[in-house]
Protein chains: 2
Amino acid sequence: MFSRVTTDDLLRLRDIVGPANVLTPDDDIEPYSHDETEDFVFPPEAVVKPRSAAEVAAVLRLADARLVPVTPQGARTSLSGGALPVFGGIALSLERMNRILEIDAENLFAVVEPAVITQVLQEEVEKVGLFYPPDPASRGSCTIGGNVAHGSGGPRALKYGVTKDWVYGLDAALPSGEILRTGGKLLKNVTGYNLTQLLVGSEGTLGVVTRATLKLIPKPLLAKTLLAPFPDPVSAARAVTRIFRARIVPCACEYMERAAVQAAERRKGEKFPCSDAEALLLIEVDGNREEQLDAEIETIAECCVACGAPDVYPATDPGRREFLWTMRRSIGEAVKALSAYREEDTVVPRVRLPELVASIREIAARHGIRAIGYGHIGDGNIHVNLLKGELPDDEWERRLDPAVRELFERTLALGGQITGEHGVGFVQKKYLPLAYPPHHIELLRTLKRAFDPNGILNPGKVFPD
Amino acid sequence: MFSRVTTDDLLRLRDIVGPANVLTPDDDIEPYSHDETEDFVFPPEAVVKPRSAAEVAAVLRLADARLVPVTPQGARTSLSGGALPVFGGIALSLERMNRILEIDAENLFAVVEPAVITQVLQEEVEKVGLFYPPDPASRGSCTIGGNVAHGSGGPRALKYGVTKDWVYGLDAALPSGEILRTGGKLLKNVTGYNLTQLLVGSEGTLGVVTRATLKLIPKPLLAKTLLAPFPDPVSAARAVTRIFRARIVPCACEYMERAAVQAAERRKGEKFPCSDAEALLLIEVDGNREEQLDAEIETIAECCVACGAPDVYPATDPGRREFLWTMRRSIGEAVKALSAYREEDTVVPRVRLPELVASIREIAARHGIRAIGYGHIGDGNIHVNLLKGELPDDEWERRLDPAVRELFERTLALGGQITGEHGVGFVQKKYLPLAYPPHHIELLRTLKRAFDPNGILNPGKVFPD
């Protein structure tokens, strides 16, 4: 179906982006062969590093004419295999397009190239008192382009929404070689269909984002954080509901199981507070007035204690706060270091979360697989790591798929979906038919063809084989 | 191209929705022949009133097989001709699907049928302390389905976003007779492309919304309002920028020209405050703490005075606040009652607003057309009413199109778009090629065909002839 990259293709690619910006298997292309998803490795036939939208468009036009697959790559931190060149072809690394083009403090928008690191943008806008809230756990290394492609979330999604809620305009190169320009620095715009939001979360299968216009807000001056241990996950989930009923919308409400925290302790070689509790909540509020945040933290503490927390631990200074967040952010990596694993990204309506947590435990136990859960309990989004542990390879293979299938069926029965923020990508695509009926998936395929008739853009992702 | 509705079609439509729910030109179908756009009248051949998604789907399947055009209608308050049956055919009135199906105070979502009146939903959720922010000026009569179709905004968009930001799931009937189900009560969901947001703002050209899942938040307990007169529009626009720089995000920041306010005074037979000022700002803040709002109002007042407001007028009680909002909400109708008109819905990046306001005046004057502006200055969205006044019909016709075209070209040059919240619909479709290059419009057409291959859904809208 696809063509291989030929010597002639390489010459033409070098013409487009310059000789130094085309790598072949003779160079060190190992980093471009994988992302952060399990141990998958798919070497590309060529790595191409454009510097401009025009170069991206020219590469796509060439690849489209030649039927060479193109896998867009940012920082390759995808957890769903989104950046894996599963058919070889061209790994289109946007790494050189990493400029913040504008921080418009008057209109409260930033305009950036796709390879800007999320945290770099955040630190830059904070220098002028502004705030870009989306905060994937990998924000220190992931890129805005990847965040846009995956519709990434993060802890602050609870109060501030996910990446999609901050993207107001995109430039995207299409396989035709055209540049699609959507939206702009406009808080309102209903001129034609919302292609901006069709591109967000499309996982690089519709176009390659070459520029993003992102909304900013004034940075809240203060944040306060509290850690609360619970005797069991269901009590923790109930505390969350109670906090919302008290009219408080925290900017983050994170859930960590004991096994997750203890894995992080071992990984970091540090002792974390309350790490012997069955379940922990890490809750943060932000705002501009000390008294208000103090009052909110007090109410949150009352809610936690009323739901079974023996005590609560406010983080009274920035160092302590950062320490708690380091603990939370290190969990993903720590859990995955325990063994071979499969990470799922279940999401349900918030109040169904106790049921999901119980189901995860029950299903994993029944299939004889160890499961560790953690994540964004405030928005119903729990990451489930299924661990191979000491299971023999064939046994792991035999058990994994039925367990995942059952987990997803249960998630869907609770009104949830199979991925909240990681994307369908390579590893979840076989489960898409659980989520949607055939006519829905066929419609998605038709939309894909409208943008990418030859199917060269990130093939082998999203759609079941 | 399209078929006429036959006697046989009417029999089959009556089978689907019941005999009482199919009207023909022998009945009073006048209300279904127009919306709130100028004086356009396009009588449908039949009015069909389904009661369920299954009935909507059956009507669409029939119409698709017979190539009969279908114009979905909510409360027909569209300002862009979105609800006009311009090709006759079936007016599909959703008016009987007007139930609030669920107010889920735990998950903070509402699930509604499309013909629920926006204000009715707001009042119902407020009874349990919750808040659905989007507030089109017509919220007392417009429907959620229409709001979704048009991606409607309103004053509170400034702080809370527009309808799209509150829609988390949709059921939509397609011409194939399938029901597409997207999203749900999920704060995060990246399972497949974002069809929810492709449907929002698609103006009934892709599918007919039969159910919407809308996010809610706790209702802010307090709001405070302030009216500020300015010697000129540019000073008013500068005050807005200054307020944002002071880290205050008002929940509304509305702009009214003198002519607009005076038209409202005449229409309502009431005297409004400061109605002799060249430009007025109506600013509102909301929140839960009296001291905080008082401090914000004080800062806003300082910003206004610093930018040339001779004085400011806080609304200290709810009655007074409601009076000011009545004044603001009555402007649209009052201005349009002055004469035949064309209303445009320009939107630019906020700080370009002084330029847009000046351009409106200059362009209108040069074309010898009276223009009155008002609207949502906080988000750069100004409604421009071009008035026929005493111009002879042929002169009005001759002047209007070049003036509109120039206004849009200027808006686009300022980084804006041709419609912020009213939609492209029937009256703006000829100007879409100003907004987008041919390949962009062709892509939109391809997406349209993916949903509606025979083009029966709301034909004659969005796309240029």
# chains A, B, ... in the order shown; residues from 1 in each chain; ligands from 1
$ interface_residues --of "chain A" --to "chain B" --cutoff "7 Å" --atoms "only C-alpha atoms" --output "JSON, numbers by chain"
{"A": [106, 107, 151, 180, 185, 186, 187, 188, 189, 190, 191, 192, 193, 194, 197, 198, 201, 202, 218, 241, 247, 348, 349, 350, 351, 379, 416, 417, 418, 419, 420, 421, 423, 424, 440, 443, 444, 446, 447, 450, 462]}
$ residues_around --residues "Ala306 of chain A" --least-positions-apart "6" --cutoff "12 Å" --atoms "only C-alpha atoms" --output "list in words"
Ala228, Phe230, Ser235, Ala236, Arg238, Ala239, Val240, Thr241, Arg242, Ile243, Thr299, Ile300 and Val312 of chain A
$ residues_around --residues "Ala53 of chain B" --least-positions-apart "3" --cutoff "7 Å" --atoms "only C-alpha atoms" --output "PyMOL selection string"
chain B and resi 56-57+173+210
$ write_last_selection --atoms "N, CA, C and O atoms" --output "mmCIF file, in the first residue's frame"
data_model
loop_
_atom_site.group_PDB
_atom_site.id
_atom_site.type_symbol
_atom_site.label_atom_id
_atom_site.label_comp_id
_atom_site.auth_asym_id
_atom_site.auth_seq_id
_atom_site.Cartn_x
_atom_site.Cartn_y
_atom_site.Cartn_z
ATOM 1 N N VAL B 56 -37.249 12.228 14.354
ATOM 2 C CA VAL B 56 -36.389 13.117 13.565
ATOM 3 C C VAL B 56 -35.616 12.300 12.534
ATOM 4 O O VAL B 56 -35.552 12.646 11.348
ATOM 5 N N ALA B 57 -35.043 11.196 12.994
ATOM 6 C CA ALA B 57 -34.240 10.360 12.099
ATOM 7 C C ALA B 57 -35.100 9.817 10.957
ATOM 8 O O ALA B 57 -34.662 9.787 9.797
ATOM 9 N N ALA B 173 -29.314 13.531 14.707
ATOM 10 C CA ALA B 173 -29.832 12.659 13.647
ATOM 11 C C ALA B 173 -29.206 13.086 12.326
ATOM 12 O O ALA B 173 -29.036 14.280 12.059
ATOM 13 N N THR B 210 -30.640 16.307 18.626
ATOM 14 C CA THR B 210 -31.837 15.820 19.313
ATOM 15 C C THR B 210 -31.661 15.763 20.829
ATOM 16 O O THR B 210 -32.617 15.543 21.561
#
$ select_by_dssp --residues "segment 117-272 of chain A" --states "alpha helix (DSSP H)" --output "PyMOL selection string"
chain A and resi 118-127+144-150+157-160+195-199+233-245+258-268
$ select_by_dssp --residues "segment 366-403 of chain B" --states "strand (DSSP E)" --output "ChimeraX atom specification"
/B:370-376,381-387
$ atom_distance --atom1 "atom CA of Tyr341 of chain A" --atom2 "atom CA of Val427 of chain A"
11.9 Å
$ decode --residues "segment 305-422 of chain A" --atoms "C-alpha atoms" --output "PDB file, in the first residue's frame"
ATOM      1  CA  VAL A 305     -12.351  14.678  57.416  1.00  0.00           C
ATOM      2  CA  ALA A 306     -16.110  14.193  57.116  1.00  0.00           C
ATOM      3  CA  CYS A 307     -15.453  11.503  54.487  1.00  0.00           C
ATOM      4  CA  GLY A 308     -12.987   9.553  56.589  1.00  0.00           C
ATOM      5  CA  ALA A 309      -9.616  11.296  56.331  1.00  0.00           C
ATOM      6  CA  PRO A 310      -8.030  10.880  59.806  1.00  0.00           C
ATOM      7  CA  ASP A 311      -6.216  14.182  59.298  1.00  0.00           C
ATOM      8  CA  VAL A 312      -5.143  16.560  56.499  1.00  0.00           C
ATOM      9  CA  TYR A 313      -1.797  18.077  55.607  1.00  0.00           C
ATOM     10  CA  PRO A 314      -1.793  21.571  54.111  1.00  0.00           C
ATOM     11  CA  ALA A 315       1.365  22.587  52.280  1.00  0.00           C
ATOM     12  CA  THR A 316       2.106  25.910  53.872  1.00  0.00           C
ATOM     13  CA  ASP A 317       5.069  27.013  51.777  1.00  0.00           C
ATOM     14  CA  PRO A 318       6.049  26.857  48.099  1.00  0.00           C
ATOM     15  CA  GLY A 319       8.843  24.339  48.683  1.00  0.00           C
ATOM     16  CA  ARG A 320       6.489  21.934  50.388  1.00  0.00           C
ATOM     17  CA  ARG A 321       3.914  22.420  47.651  1.00  0.00           C
ATOM     18  CA  GLU A 322       6.460  21.688  44.958  1.00  0.00           C
ATOM     19  CA  PHE A 323       7.558  18.580  46.874  1.00  0.00           C
ATOM     20  CA  LEU A 324       4.005  17.204  46.851  1.00  0.00           C
ATOM     21  CA  TRP A 325       3.681  17.854  43.133  1.00  0.00           C
ATOM     22  CA  THR A 326       7.018  16.188  42.446  1.00  0.00           C
ATOM     23  CA  MET A 327       5.636  13.155  44.203  1.00  0.00           C
ATOM     24  CA  ARG A 328       2.506  13.219  42.047  1.00  0.00           C
ATOM     25  CA  ARG A 329       4.342  13.824  38.783  1.00  0.00           C
ATOM     26  CA  SER A 330       6.872  11.074  39.367  1.00  0.00           C
ATOM     27  CA  ILE A 331       4.208   8.390  39.731  1.00  0.00           C
ATOM     28  CA  GLY A 332       3.689   7.654  36.036  1.00  0.00           C
ATOM     29  CA  GLU A 333       7.322   6.891  35.404  1.00  0.00           C
ATOM     30  CA  ALA A 334       7.761   5.083  38.721  1.00  0.00           C
ATOM     31  CA  VAL A 335       4.850   2.717  38.162  1.00  0.00           C
ATOM     32  CA  LYS A 336       5.996   1.934  34.627  1.00  0.00           C
ATOM     33  CA  ALA A 337       9.512   1.168  35.879  1.00  0.00           C
ATOM     34  CA  LEU A 338       8.100  -1.655  37.996  1.00  0.00           C
ATOM     35  CA  SER A 339       7.605  -4.027  35.083  1.00  0.00           C
ATOM     36  CA  ALA A 340       6.311  -4.314  31.531  1.00  0.00           C
ATOM     37  CA  TYR A 341       2.922  -2.678  31.543  1.00  0.00           C
ATOM     38  CA  ARG A 342      -0.095  -1.454  29.653  1.00  0.00           C
ATOM     39  CA  GLU A 343      -1.434   1.940  30.646  1.00  0.00           C
ATOM     40  CA  GLU A 344      -5.092   2.728  30.122  1.00  0.00           C
ATOM     41  CA  ASP A 345      -6.646   6.162  30.441  1.00  0.00           C
ATOM     42  CA  THR A 346     -10.214   5.544  31.547  1.00  0.00           C
ATOM     43  CA  VAL A 347     -12.627   8.405  32.109  1.00  0.00           C
ATOM     44  CA  VAL A 348     -16.131   8.353  33.596  1.00  0.00           C
ATOM     45  CA  PRO A 349     -18.596  10.921  34.921  1.00  0.00           C
ATOM     46  CA  ARG A 350     -17.082  12.055  38.215  1.00  0.00           C
ATOM     47  CA  VAL A 351     -19.609  10.444  40.525  1.00  0.00           C
ATOM     48  CA  ARG A 352     -19.178   7.047  38.856  1.00  0.00           C
ATOM     49  CA  LEU A 353     -15.555   7.041  39.923  1.00  0.00           C
ATOM     50  CA  PRO A 354     -15.951   4.898  43.038  1.00  0.00           C
ATOM     51  CA  GLU A 355     -17.556   2.240  40.845  1.00  0.00           C
ATOM     52  CA  LEU A 356     -14.760   2.476  38.291  1.00  0.00           C
ATOM     53  CA  VAL A 357     -12.093   2.170  40.972  1.00  0.00           C
ATOM     54  CA  ALA A 358     -13.819  -0.884  42.427  1.00  0.00           C
ATOM     55  CA  SER A 359     -14.216  -2.380  38.938  1.00  0.00           C
ATOM     56  CA  ILE A 360     -10.560  -1.899  38.114  1.00  0.00           C
ATOM     57  CA  ARG A 361      -9.579  -3.855  41.206  1.00  0.00           C
ATOM     58  CA  GLU A 362     -12.123  -6.571  40.625  1.00  0.00           C
ATOM     59  CA  ILE A 363     -11.383  -7.069  36.916  1.00  0.00           C
ATOM     60  CA  ALA A 364      -7.616  -7.040  37.371  1.00  0.00           C
ATOM     61  CA  ALA A 365      -7.813  -9.530  40.244  1.00  0.00           C
ATOM     62  CA  ARG A 366     -10.045 -11.853  38.278  1.00  0.00           C
ATOM     63  CA  HIS A 367      -7.620 -11.847  35.339  1.00  0.00           C
ATOM     64  CA  GLY A 368      -4.644 -12.327  37.647  1.00  0.00           C
ATOM     65  CA  ILE A 369      -3.037  -9.018  36.668  1.00  0.00           C
ATOM     66  CA  ARG A 370      -1.708  -6.427  39.070  1.00  0.00           C
ATOM     67  CA  ALA A 371      -3.284  -2.966  38.545  1.00  0.00           C
ATOM     68  CA  ILE A 372      -2.237   0.389  39.948  1.00  0.00           C
ATOM     69  CA  GLY A 373      -4.475   3.424  39.586  1.00  0.00           C
ATOM     70  CA  TYR A 374      -3.848   7.130  39.919  1.00  0.00           C
ATOM     71  CA  GLY A 375      -4.835  10.307  38.192  1.00  0.00           C
ATOM     72  CA  HIS A 376      -7.315  13.103  37.932  1.00  0.00           C
ATOM     73  CA  ILE A 377     -10.148  12.056  40.189  1.00  0.00           C
ATOM     74  CA  GLY A 378     -11.735  15.501  40.044  1.00  0.00           C
ATOM     75  CA  ASP A 379     -12.601  15.001  36.407  1.00  0.00           C
ATOM     76  CA  GLY A 380     -13.207  11.284  36.487  1.00  0.00           C
ATOM     77  CA  ASN A 381     -10.005  10.437  34.648  1.00  0.00           C
ATOM     78  CA  ILE A 382      -8.046   7.549  36.151  1.00  0.00           C
ATOM     79  CA  HIS A 383      -4.881   6.109  34.677  1.00  0.00           C
ATOM     80  CA  VAL A 384      -4.763   2.357  35.142  1.00  0.00           C
ATOM     81  CA  ASN A 385      -1.445   0.625  34.856  1.00  0.00           C
ATOM     82  CA  LEU A 386      -1.711  -3.083  34.286  1.00  0.00           C
ATOM     83  CA  LEU A 387       1.606  -4.654  35.263  1.00  0.00           C
ATOM     84  CA  LYS A 388       3.144  -7.789  33.807  1.00  0.00           C
ATOM     85  CA  GLY A 389       5.184  -8.349  36.940  1.00  0.00           C
ATOM     86  CA  GLU A 390       6.407 -11.936  37.134  1.00  0.00           C
ATOM     87  CA  LEU A 391       3.926 -13.274  34.582  1.00  0.00           C
ATOM     88  CA  PRO A 392       5.507 -15.290  31.747  1.00  0.00           C
ATOM     89  CA  ASP A 393       5.283 -13.538  28.372  1.00  0.00           C
ATOM     90  CA  ASP A 394       2.678 -15.853  26.897  1.00  0.00           C
ATOM     91  CA  GLU A 395       0.513 -15.672  29.991  1.00  0.00           C
ATOM     92  CA  TRP A 396       0.688 -11.859  30.013  1.00  0.00           C
ATOM     93  CA  GLU A 397      -0.241 -11.765  26.347  1.00  0.00           C
ATOM     94  CA  ARG A 398      -3.108 -14.177  26.941  1.00  0.00           C
ATOM     95  CA  ARG A 399      -4.529 -12.266  29.898  1.00  0.00           C
ATOM     96  CA  LEU A 400      -4.014  -8.679  28.813  1.00  0.00           C
ATOM     97  CA  ASP A 401      -6.468  -8.231  25.957  1.00  0.00           C
ATOM     98  CA  PRO A 402      -9.501  -9.783  27.697  1.00  0.00           C
ATOM     99  CA  ALA A 403      -8.742  -7.736  30.821  1.00  0.00           C
ATOM    100  CA  VAL A 404      -8.465  -4.472  28.874  1.00  0.00           C
ATOM    101  CA  ARG A 405     -11.597  -5.278  26.907  1.00  0.00           C
ATOM    102  CA  GLU A 406     -13.535  -5.907  30.093  1.00  0.00           C
ATOM    103  CA  LEU A 407     -12.174  -2.767  31.714  1.00  0.00           C
ATOM    104  CA  PHE A 408     -13.269  -0.676  28.730  1.00  0.00           C
ATOM    105  CA  GLU A 409     -16.680  -2.324  28.555  1.00  0.00           C
ATOM    106  CA  ARG A 410     -17.193  -1.517  32.216  1.00  0.00           C
ATOM    107  CA  THR A 411     -15.959   2.061  31.703  1.00  0.00           C
ATOM    108  CA  LEU A 412     -18.360   2.551  28.798  1.00  0.00           C
ATOM    109  CA  ALA A 413     -21.234   1.046  30.812  1.00  0.00           C
ATOM    110  CA  LEU A 414     -20.572   3.701  33.455  1.00  0.00           C
ATOM    111  CA  GLY A 415     -21.083   6.420  30.809  1.00  0.00           C
ATOM    112  CA  GLY A 416     -17.347   6.811  30.280  1.00  0.00           C
ATOM    113  CA  GLN A 417     -14.921   6.622  27.410  1.00  0.00           C
ATOM    114  CA  ILE A 418     -11.797   4.652  26.628  1.00  0.00           C
ATOM    115  CA  THR A 419      -9.406   7.593  26.650  1.00  0.00           C
ATOM    116  CA  GLY A 420      -9.640  10.883  28.480  1.00  0.00           C
ATOM    117  CA  GLU A 421      -6.387  12.570  27.539  1.00  0.00           C
ATOM    118  CA  HIS A 422      -3.831  10.130  26.108  1.00  0.00           C
TER     119      HIS A 422
END
